[in-house]
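Student: Here you go, model-v2.txt (compact mmCIF, C-alpha atoms):
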# COMPACT_ATOMS: atom_id res chain seq x y z
CA MET L 7 -14.52 -2.25 25.32
CA ASN L 8 -16.90 -3.69 27.97
CA ILE L 9 -16.32 -6.64 30.34
CA LEU L 10 -18.58 -9.01 28.34
CA GLN L 11 -16.61 -8.36 25.16
CA LYS L 12 -13.32 -8.94 26.98
CA THR L 13 -14.65 -12.22 28.40
CA LEU L 14 -15.87 -13.43 25.01
CA GLY L 15 -12.48 -12.55 23.57
CA THR L 16 -10.78 -14.76 26.13
CA ILE L 17 -13.08 -17.72 25.41
CA PHE L 18 -13.24 -17.44 21.61
CA PRO L 19 -9.87 -16.68 19.90
CA PRO L 20 -11.44 -15.32 16.65
CA TYR L 21 -13.46 -12.87 18.71
CA LYS L 22 -10.31 -11.94 20.63
CA PHE L 23 -8.60 -11.12 17.34
CA SER L 24 -11.48 -8.84 16.32
CA ILE L 25 -11.19 -7.04 19.67
CA ILE L 26 -7.45 -6.51 19.17
CA ILE L 27 -7.99 -5.06 15.69
CA LYS L 28 -10.78 -2.80 16.93
CA GLU L 29 -8.56 -1.47 19.72
CA GLN L 30 -5.60 -0.98 17.38
CA ARG L 31 -7.82 0.99 15.02
CA SER L 32 -8.89 3.25 17.89
CA PHE L 33 -5.42 4.45 18.83
CA PHE L 34 -4.05 4.31 15.26
CA ASN L 35 -6.85 6.56 13.95
CA ALA L 36 -6.38 8.90 16.91
CA ILE L 37 -2.69 9.26 15.99
CA ILE L 38 -3.47 9.88 12.31
CA ASP L 39 -6.04 12.51 13.31
CA LYS L 40 -3.25 14.42 15.06
CA LEU L 41 -1.07 14.78 11.99
CA PRO L 42 -0.55 18.48 11.19
CA GLU L 43 -2.23 20.29 8.31
CA SER L 44 0.91 20.01 6.18
CA LEU L 45 0.28 16.25 6.03
CA SER L 46 -3.43 16.47 5.23
CA GLU L 47 -2.92 14.28 2.13
CA ILE L 48 -1.49 11.44 4.24
CA LYS L 49 -4.22 11.93 6.84
CA ILE L 50 -7.12 11.87 4.36
CA GLN L 51 -5.93 8.87 2.37
CA THR L 52 -5.08 6.84 5.49
CA LYS L 53 -8.47 7.58 7.05
CA SER L 54 -10.13 6.45 3.82
CA GLY L 55 -8.62 2.99 4.28
CA THR L 56 -9.06 0.31 6.92
CA LEU L 57 -6.36 -0.87 9.31
CA LEU L 58 -6.06 -4.66 9.15
CA GLY L 59 -3.38 -5.01 11.79
CA LEU L 60 -0.08 -3.94 13.33
CA ASP L 61 2.40 -6.73 12.69
CA ASN L 62 6.03 -7.48 13.52
CA TRP L 63 8.29 -6.10 10.81
CA GLU L 64 11.46 -7.96 9.91
CA LEU L 65 12.78 -5.04 7.85
CA HIS L 66 12.48 -2.57 10.75
CA PRO L 67 12.01 -4.58 13.99
CA ASP L 68 11.55 -1.49 16.18
CA PHE L 69 8.43 -0.58 14.18
CA LYS L 70 5.12 -2.34 13.68
CA PHE L 71 4.18 -2.87 10.05
CA VAL L 72 0.91 -1.10 9.27
CA THR L 73 -1.28 -3.40 7.15
CA MET L 74 -3.96 -1.35 5.38
CA SER L 75 -6.79 -2.05 2.96
CA TYR L 76 -7.92 0.59 0.45
CA GLY L 77 -11.08 0.36 -1.62
CA GLY L 78 -11.07 -0.04 -5.40
CA GLU L 79 -8.06 1.50 -7.11
CA LYS L 80 -7.24 3.83 -4.18
CA TYR L 81 -4.01 1.99 -3.32
CA TYR L 82 -2.55 2.72 -6.75
CA GLU L 83 -3.90 6.26 -6.68
CA TYR L 84 -2.24 7.02 -3.34
CA LYS L 85 1.04 5.19 -3.94
CA LYS L 86 3.91 7.38 -5.14
CA ARG L 87 7.03 5.31 -5.51
CA GLY L 88 10.11 6.82 -3.88
CA LYS L 89 8.21 9.27 -1.64
CA ASN L 90 9.66 8.00 1.64
CA PHE L 91 10.07 9.80 4.96
CA LYS L 92 9.80 9.49 8.74
CA ILE L 93 7.41 11.50 10.90
CA SER L 94 8.64 12.19 14.44
CA GLY L 95 7.74 14.48 17.31
CA LEU L 96 4.27 13.16 18.14
CA ARG L 97 3.61 12.03 21.72
CA ILE L 98 0.94 10.12 23.61
CA PHE L 99 0.46 9.77 27.36
CA SER L 100 1.00 6.24 28.66
CA LYS L 101 -1.15 5.44 31.69
CA HIS L 102 1.09 2.44 32.39
CA ASN L 103 4.32 4.45 32.43
CA ASN L 104 2.76 7.68 33.70
CA ASN L 105 4.76 9.44 31.03
CA PHE L 106 4.50 10.83 27.50
CA GLU L 107 5.90 8.37 24.96
CA ASP L 108 7.27 9.28 21.53
CA ILE L 109 5.47 8.23 18.34
CA GLU L 110 7.08 7.75 14.92
CA LEU L 111 5.50 6.91 11.58
CA LEU L 112 7.26 5.61 8.47
CA ILE L 113 5.87 6.66 5.09
CA TRP L 114 6.85 4.29 2.28
CA ASP L 115 5.87 5.20 -1.27
CA ASN L 116 3.53 7.85 0.17
CA LEU L 117 1.68 5.29 2.34
CA VAL L 118 1.75 4.91 6.13
CA SER L 119 3.69 1.67 6.55
CA GLY L 120 5.32 1.73 9.98
CA LEU L 121 4.33 2.77 13.51
CA LYS L 122 6.52 2.99 16.61
CA ILE L 123 5.30 3.97 20.07
CA LYS L 124 8.20 3.97 22.50
CA ASN L 125 7.93 1.70 25.57
CA SER L 126 4.61 0.30 24.39
CA ASN L 127 2.84 -3.02 23.88
CA TYR L 128 0.45 -1.37 21.39
CA GLN L 129 -2.62 -1.97 23.55
CA LEU L 130 -5.44 0.54 23.81
CA LYS L 131 -5.60 0.31 27.61
CA GLU L 132 -2.11 1.84 27.82
CA PHE L 133 -3.03 5.16 26.27
CA ASP L 134 -4.97 8.31 26.99
CA LEU L 135 -6.06 9.18 23.45
CA SER L 136 -7.01 12.73 24.44
CA THR L 137 -3.37 13.59 25.17
CA ILE L 138 -1.76 13.10 21.73
CA ASP L 139 0.21 16.17 20.66
CA ASN L 140 2.38 17.14 17.69
CA ILE L 141 4.14 20.18 19.14
CA ASN L 142 7.62 18.95 18.18
CA PHE L 143 6.56 17.49 14.85
CA THR L 144 9.36 16.89 12.31
CA ILE L 145 9.82 15.17 8.93
CA ALA L 146 13.06 13.52 7.83
CA ASP L 147 14.07 11.58 4.72
CA PHE L 148 14.04 7.82 5.18
CA GLU L 149 15.59 5.27 2.83
CA PHE L 150 13.98 1.91 2.10
CA PRO L 151 15.84 -0.82 0.21
CA PRO L 152 14.76 -1.21 -3.44
CA ASN L 153 12.05 -3.82 -3.97
CA ASP L 154 11.63 -6.18 -6.92
CA VAL L 155 9.69 -3.61 -8.95
CA ASP L 156 12.37 -0.96 -8.37
CA LEU L 157 15.10 -3.35 -9.51
CA PHE L 158 13.07 -4.26 -12.61
CA TYR L 159 12.47 -0.60 -13.46
CA ASN L 160 16.10 0.41 -12.94
CA LYS L 161 17.22 -2.11 -15.59
CA LEU L 162 14.91 -0.73 -18.30
CA GLU L 163 16.39 1.31 -21.10
CA LYS L 164 15.81 5.05 -21.14
CA ALA L 165 13.43 4.97 -24.13
CA ILE L 166 11.06 2.67 -22.24
CA LYS L 167 11.30 4.61 -18.96
CA GLU L 168 10.29 7.79 -20.77
CA LYS L 169 6.99 6.19 -21.83
CA LEU L 170 6.30 4.38 -18.56
CA ASP L 171 4.50 5.75 -15.50
CA TYR L 172 6.81 4.69 -12.67
CA ASN L 173 4.10 5.02 -10.02
CA GLU L 174 1.64 2.74 -11.84
CA LEU L 175 4.10 -0.13 -12.22
CA PHE L 176 3.59 -3.08 -9.85
CA ASP L 177 4.19 -6.82 -9.78
CA ILE L 178 1.63 -9.63 -10.04
CA ASP L 179 2.37 -13.27 -9.22
CA PHE L 180 0.38 -15.81 -11.23
CA ASN L 181 1.00 -19.56 -11.42
CA GLY L 182 4.56 -19.14 -10.20
CA ARG L 183 5.35 -16.38 -12.70
CA THR L 184 5.95 -12.70 -12.06
CA PHE L 185 4.40 -10.06 -14.29
CA TYR L 186 4.90 -6.30 -14.12
CA ALA L 187 1.62 -4.49 -14.75
CA PHE L 188 2.04 -1.14 -16.50
CA TYR L 189 -1.43 -0.27 -17.86
CA ASN L 190 -4.79 -0.48 -16.11
CA LEU L 191 -7.60 -2.01 -18.17
CA GLU L 192 -9.97 -1.46 -15.19
CA ASP L 193 -11.75 -3.98 -12.94
CA GLY L 194 -8.54 -5.74 -11.97
CA ASN L 195 -7.36 -6.32 -15.56
CA TYR L 196 -3.97 -5.14 -16.83
CA LEU L 197 -1.41 -5.07 -19.57
CA ALA L 198 1.86 -6.44 -18.23
CA VAL L 199 5.29 -7.71 -19.18
CA ASP L 200 7.39 -10.54 -17.81
CA LYS L 201 11.07 -10.29 -16.91
CA LYS L 202 11.97 -10.75 -20.59
CA LEU L 203 9.71 -7.77 -21.49
CA ILE L 204 7.24 -9.95 -23.39
CA VAL L 205 3.84 -8.22 -23.36
CA TYR L 206 0.76 -9.97 -21.95
CA SER L 207 -2.90 -9.15 -21.47
CA LEU L 208 -4.15 -10.19 -18.01
CA VAL L 209 -7.96 -10.36 -18.00
CA HIS L 210 -9.42 -12.53 -15.25
CA ASP L 211 -12.78 -13.29 -16.93
CA ALA L 212 -11.27 -14.14 -20.32
CA LYS L 213 -9.95 -17.47 -21.56
CA PRO L 214 -7.05 -17.75 -21.34
CA MET L 215 -6.66 -15.30 -18.50
CA VAL L 216 -3.04 -14.64 -19.52
CA SER L 217 -2.63 -13.98 -23.24
CA LYS L 218 0.65 -13.15 -24.98
CA MET L 219 0.29 -10.12 -27.24
CA LYS L 220 1.76 -9.69 -30.72
CA THR L 221 3.58 -6.47 -29.93
CA THR L 222 6.73 -5.28 -28.20
CA PHE L 223 6.95 -3.33 -24.96
CA LYS L 224 8.12 -0.23 -26.83
CA GLU L 225 5.37 -0.51 -29.43
CA ILE L 226 2.51 -0.83 -26.95
CA LEU L 227 3.85 2.04 -24.82
CA GLU L 228 4.04 4.16 -27.97
CA GLU L 229 0.41 3.31 -28.80
CA ILE L 230 -0.73 4.18 -25.30
CA SER L 231 1.18 7.48 -25.15
CA ASN L 232 -0.25 8.53 -28.53
CA ASN L 233 -3.82 7.48 -27.62
CA ARG L 234 -3.86 4.81 -30.32
CA PHE L 235 -4.55 1.91 -27.97
CA ASP L 236 -8.29 1.14 -27.77
CA LYS L 237 -8.87 -0.36 -24.34
CA ASN L 238 -12.52 -1.24 -24.96
CA LYS L 239 -11.78 -2.94 -28.27
CA HIS L 240 -8.97 -4.88 -26.63
CA LEU L 241 -11.29 -6.15 -23.89
CA ASP L 242 -14.03 -7.04 -26.39
CA ASN L 243 -11.52 -9.12 -28.31
CA ARG L 244 -10.26 -10.80 -25.15
CA TYR L 245 -13.75 -11.73 -23.97
CA SER L 246 -14.58 -13.16 -27.40
CA ASN L 247 -11.33 -15.16 -27.32
CA LYS L 248 -9.98 -13.47 -30.42
CA LEU L 249 -6.26 -13.18 -30.93
CA GLN L 250 -5.31 -9.58 -31.44
CA LYS L 251 -2.43 -7.20 -31.23
Written as structure tokens, how would this file's structure read?
Tutor:
Amino acid sequence: MNILQKTLGTIFPPYKFSIIIKEQRSFFNAIIDKLPESLSEIKIQTKSGTLLGLDNWELHPDFKFVTMSYGGEKYYEYKKRGKNFKISGLRIFSKHNNNFEDIELLIWDNLVSGLKIKNSNYQLKEFDLSTIDNINFTIADFEFPPNDVDLFYNKLEKAIKEKLDYNELFDIDFNGRTFYAFYNLEDGNYLAVDKKLIVYSLVHDAKPMVSKMKTTFKEILEEISNNRFDKNKHLDNRYSNKLQK
């Protein structure tokens, strides 16, 4: 980062923010690059995304929360609910402390979600990026508290769980209501249920966007698992404002 950029960042706060993010990306990507071959999946998928910031984390205050953006459906492709662990044993040389400082990463649902660099202010100028090593690399299980989706899933009866892909389930808030999406109609459209397990079609270019379906959760899951649900026909009906099953 040159002197002119630093000066502009001091004068114009939005520009300062862009400088901070750019610097955070530099040392974050350097750390991810140093993950060992056994974690190539984590490395590849993280590098395919974009770091949006390192933020304070109320859940784990000694870590920074890693806010990432992934293109298209990559987030749902990479996410594997319940695959949680901590990566330790990486180090980076701090020019401020004249010492190697420990690095830890938290993986939550198979996604890099937390970063801790001991005795650090998380500023690029602190670090010599060429000194990162993983000689003492270790992986340990790490427990996260259940989120709203986990609690919803845990209450479902066994017959529904057997037909449901746990990793594809996620929550959507719309007009003050929470829906649990369970089937991808593509392009940001989904089949979902509410907390009472009433089935809805969520299609953002249709009117209405949220349409209650004349089927039960069990019935629609049975159709999907037996390849009897026609996604294209369903969308055609939704766009033509037809009521359908």
Student: Show which residues sit within 12 Å of stretch 33-38 of chain L, as an MDAnalysis selection string. Count all atoms listed in the file, and ignore same-chain residues fewer than 4 positions away.
Tutor: chainID L and resid 26:29 42:43 45:60 70 72:74 93:100 108:111 118:123 128:140
Student: Please provide the set of residues having any atom within 10 Å of L:Leu208, restricted to all atoms listed in the file, with same-chain residues fewer than 2 positions apart removed, written as JSON, numbers by chain.
Tutor: {"L": [178, 180, 185, 187, 190, 191, 194, 195, 196, 197, 198, 199, 205, 206, 210, 211, 212, 213, 214, 215, 216, 217, 218, 244]}
Student: Quote the spacing between atom CA of L:Ser24 and atom CA of L:Asn62 in Å to one decimal place.
Tutor: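 Answer for the atom CA of L:Ser24 to atom CA of L:Asn62 separation: 17.8 Å.
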Student: Please tabulate, as CSV, the residues of stretch 110-130 of chain L that come within 12 Å of stretch 81-89 of chain L, each with its closest pair of atoms and the distance in Å to one decimal, counting all atoms listed in the file and ordering rows by chain, then residue number upward.
Tutor:
residue,atom,partner,partner_atom,distance
L:Leu112,CA,L:Lys89,CA,10.8
L:Ile113,CA,L:Lys89,CA,7.6
L:Trp114,CA,L:Lys89,CA,6.5
L:Asp115,CA,L:Arg87,CA,4.4
L:Asn116,CA,L:Lys89,CA,5.2
L:Leu117,CA,L:Lys85,CA,6.3
L:Val118,CA,L:Lys85,CA,10.1
L:Ser119,CA,L:Lys85,CA,11.4
Student: With all atoms listed in the file as the atoms that count, which of L:Asp236, L:Phe158, L:Thr144, L:Glu174 lies nearest to L:Asp200?
Tutor: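 Looking only at the distances to L:Asp200, the closest residue turns out to be L:Phe158.
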Student: Just give me the gap between atom CA of L:Tyr172 and atom CA of L:Ser75 in Å, one decimal is fine.
Tutor: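 Atom-to-atom, atom CA of L:Tyr172 and atom CA of L:Ser75 are spaced 21.8 Å apart.
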Student: Within 8 Å of (-15.9, -1.8, -11.3) in the file's own coordinates, which protein, DNA or RNA residues have an atom, counting all atoms listed in the file? List them as a list of chain:residue names.
Tutor: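 Checking each residue against the 8 Å limit leaves L:Gly78, L:Glu192, L:Asp193.
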Student: For those residues, write C-alpha atoms to a file as a compact mmCIF listing (two decimals), keeping the file's coordinate frame.
Tutor:
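Saved result, again-v7.txt, follows:
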# COMPACT_ATOMS: atom_id res chain seq x y z
CA GLY L 78 -11.07 -0.04 -5.40
CA GLU L 192 -9.97 -1.46 -15.19
CA ASP L 193 -11.75 -3.98 -12.94
Student: One number please: atom CA of L:Pro152 to atom CA of L:Lys124, in Å, one decimal.
Tutor: 27.3 Å
Student: Compile the contact shell of L:Phe91 as an MDAnalysis selection string: residues with an atom at most 6 Å away, counting only C-alpha atoms, same-chain residues fewer than 5 positions apart removed.
Tutor: chainID L and resid 113 146:148
Student: With C-alpha atoms retained, write the just-selected residues as an mmCIF file, in the frame of the given file.
Tutor:
data_model
loop_
_atom_site.group_PDB
_atom_site.id
_atom_site.type_symbol
_atom_site.label_atom_id
_atom_site.label_comp_id
_atom_site.auth_asym_id
_atom_site.auth_seq_id
_atom_site.Cartn_x
_atom_site.Cartn_y
_atom_site.Cartn_z
ATOM 1 C CA ILE L 113 5.870 6.660 5.090
ATOM 2 C CA ALA L 146 13.060 13.520 7.830
ATOM 3 C CA ASP L 147 14.070 11.580 4.720
ATOM 4 C CA PHE L 148 14.040 7.820 5.180
#
Student: Please report, as JSON, the centre and edge lengths in Å to one decimal of an axis-aligned box covering all listed atoms of stretch 205-222 of chain L with 6 Å per side.
Tutor:
{"center_x": -3.0, "center_y": -11.5, "center_z": -23.0, "size_x": 31.5, "size_y": 24.5, "size_z": 27.5}
Student: Complete the atoms of stretch 30-49 of chain L to N, CA and C atoms and put them out as a PDB file, keeping the file's coordinate frame.
Tutor:
ATOM      1  N   GLN L  30      -6.702  -1.565  18.144  1.00  0.00           N
ATOM      2  CA  GLN L  30      -5.600  -0.980  17.380  1.00  0.00           C
ATOM      3  C   GLN L  30      -6.099   0.144  16.484  1.00  0.00           C
ATOM      4  N   ARG L  31      -7.258  -0.056  15.870  1.00  0.00           N
ATOM      5  CA  ARG L  31      -7.820   0.990  15.020  1.00  0.00           C
ATOM      6  C   ARG L  31      -8.117   2.256  15.816  1.00  0.00           C
ATOM      7  N   SER L  32      -8.537   2.091  17.059  1.00  0.00           N
ATOM      8  CA  SER L  32      -8.890   3.250  17.890  1.00  0.00           C
ATOM      9  C   SER L  32      -7.685   4.152  18.105  1.00  0.00           C
ATOM     10  N   PHE L  33      -6.554   3.572  18.558  1.00  0.00           N
ATOM     11  CA  PHE L  33      -5.420   4.450  18.830  1.00  0.00           C
ATOM     12  C   PHE L  33      -4.666   4.831  17.545  1.00  0.00           C
ATOM     13  N   PHE L  34      -4.691   3.961  16.530  1.00  0.00           N
ATOM     14  CA  PHE L  34      -4.050   4.310  15.260  1.00  0.00           C
ATOM     15  C   PHE L  34      -4.760   5.496  14.610  1.00  0.00           C
ATOM     16  N   ASN L  35      -6.084   5.461  14.546  1.00  0.00           N
ATOM     17  CA  ASN L  35      -6.850   6.560  13.950  1.00  0.00           C
ATOM     18  C   ASN L  35      -6.688   7.851  14.744  1.00  0.00           C
ATOM     19  N   ALA L  36      -6.582   7.716  16.071  1.00  0.00           N
ATOM     20  CA  ALA L  36      -6.380   8.900  16.910  1.00  0.00           C
ATOM     21  C   ALA L  36      -5.033   9.555  16.601  1.00  0.00           C
ATOM     22  N   ILE L  37      -4.017   8.735  16.354  1.00  0.00           N
ATOM     23  CA  ILE L  37      -2.690   9.260  15.990  1.00  0.00           C
ATOM     24  C   ILE L  37      -2.741   9.944  14.631  1.00  0.00           C
ATOM     25  N   ILE L  38      -3.368   9.290  13.654  1.00  0.00           N
ATOM     26  CA  ILE L  38      -3.470   9.880  12.310  1.00  0.00           C
ATOM     27  C   ILE L  38      -4.229  11.198  12.353  1.00  0.00           C
ATOM     28  N   ASP L  39      -5.262  11.275  13.190  1.00  0.00           N
ATOM     29  CA  ASP L  39      -6.040  12.510  13.310  1.00  0.00           C
ATOM     30  C   ASP L  39      -5.187  13.684  13.793  1.00  0.00           C
ATOM     31  N   LYS L  40      -4.099  13.378  14.498  1.00  0.00           N
ATOM     32  CA  LYS L  40      -3.250  14.420  15.060  1.00  0.00           C
ATOM     33  C   LYS L  40      -2.122  14.860  14.126  1.00  0.00           C
ATOM     34  N   LEU L  41      -2.065  14.303  12.939  1.00  0.00           N
ATOM     35  CA  LEU L  41      -1.070  14.780  11.990  1.00  0.00           C
ATOM     36  C   LEU L  41      -1.362  16.235  11.630  1.00  0.00           C
ATOM     37  N   PRO L  42      -0.333  17.053  11.470  1.00  0.00           N
ATOM     38  CA  PRO L  42      -0.550  18.480  11.190  1.00  0.00           C
ATOM     39  C   PRO L  42      -1.135  18.716   9.797  1.00  0.00           C
ATOM     40  N   GLU L  43      -1.577  19.927   9.565  1.00  0.00           N
ATOM     41  CA  GLU L  43      -2.230  20.290   8.310  1.00  0.00           C
ATOM     42  C   GLU L  43      -1.328  20.061   7.101  1.00  0.00           C
ATOM     43  N   SER L  44      -0.026  20.195   7.292  1.00  0.00           N
ATOM     44  CA  SER L  44       0.910  20.010   6.180  1.00  0.00           C
ATOM     45  C   SER L  44       0.915  18.573   5.660  1.00  0.00           C
ATOM     46  N   LEU L  45       0.373  17.650   6.446  1.00  0.00           N
ATOM     47  CA  LEU L  45       0.280  16.250   6.030  1.00  0.00           C
ATOM     48  C   LEU L  45      -1.173  15.825   5.829  1.00  0.00           C
ATOM     49  N   SER L  46      -2.000  16.768   5.407  1.00  0.00           N
ATOM     50  CA  SER L  46      -3.430  16.470   5.230  1.00  0.00           C
ATOM     51  C   SER L  46      -3.647  15.377   4.186  1.00  0.00           C
ATOM     52  N   GLU L  47      -2.788  15.323   3.153  1.00  0.00           N
ATOM     53  CA  GLU L  47      -2.920  14.280   2.130  1.00  0.00           C
ATOM     54  C   GLU L  47      -2.766  12.891   2.749  1.00  0.00           C
ATOM     55  N   ILE L  48      -1.725  12.723   3.568  1.00  0.00           N
ATOM     56  CA  ILE L  48      -1.490  11.440   4.240  1.00  0.00           C
ATOM     57  C   ILE L  48      -2.648  11.119   5.171  1.00  0.00           C
ATOM     58  N   LYS L  49      -3.122  12.128   5.891  1.00  0.00           N
ATOM     59  CA  LYS L  49      -4.220  11.930   6.840  1.00  0.00           C
ATOM     60  C   LYS L  49      -5.493  11.472   6.124  1.00  0.00           C
TER      61      LYS L  49
END
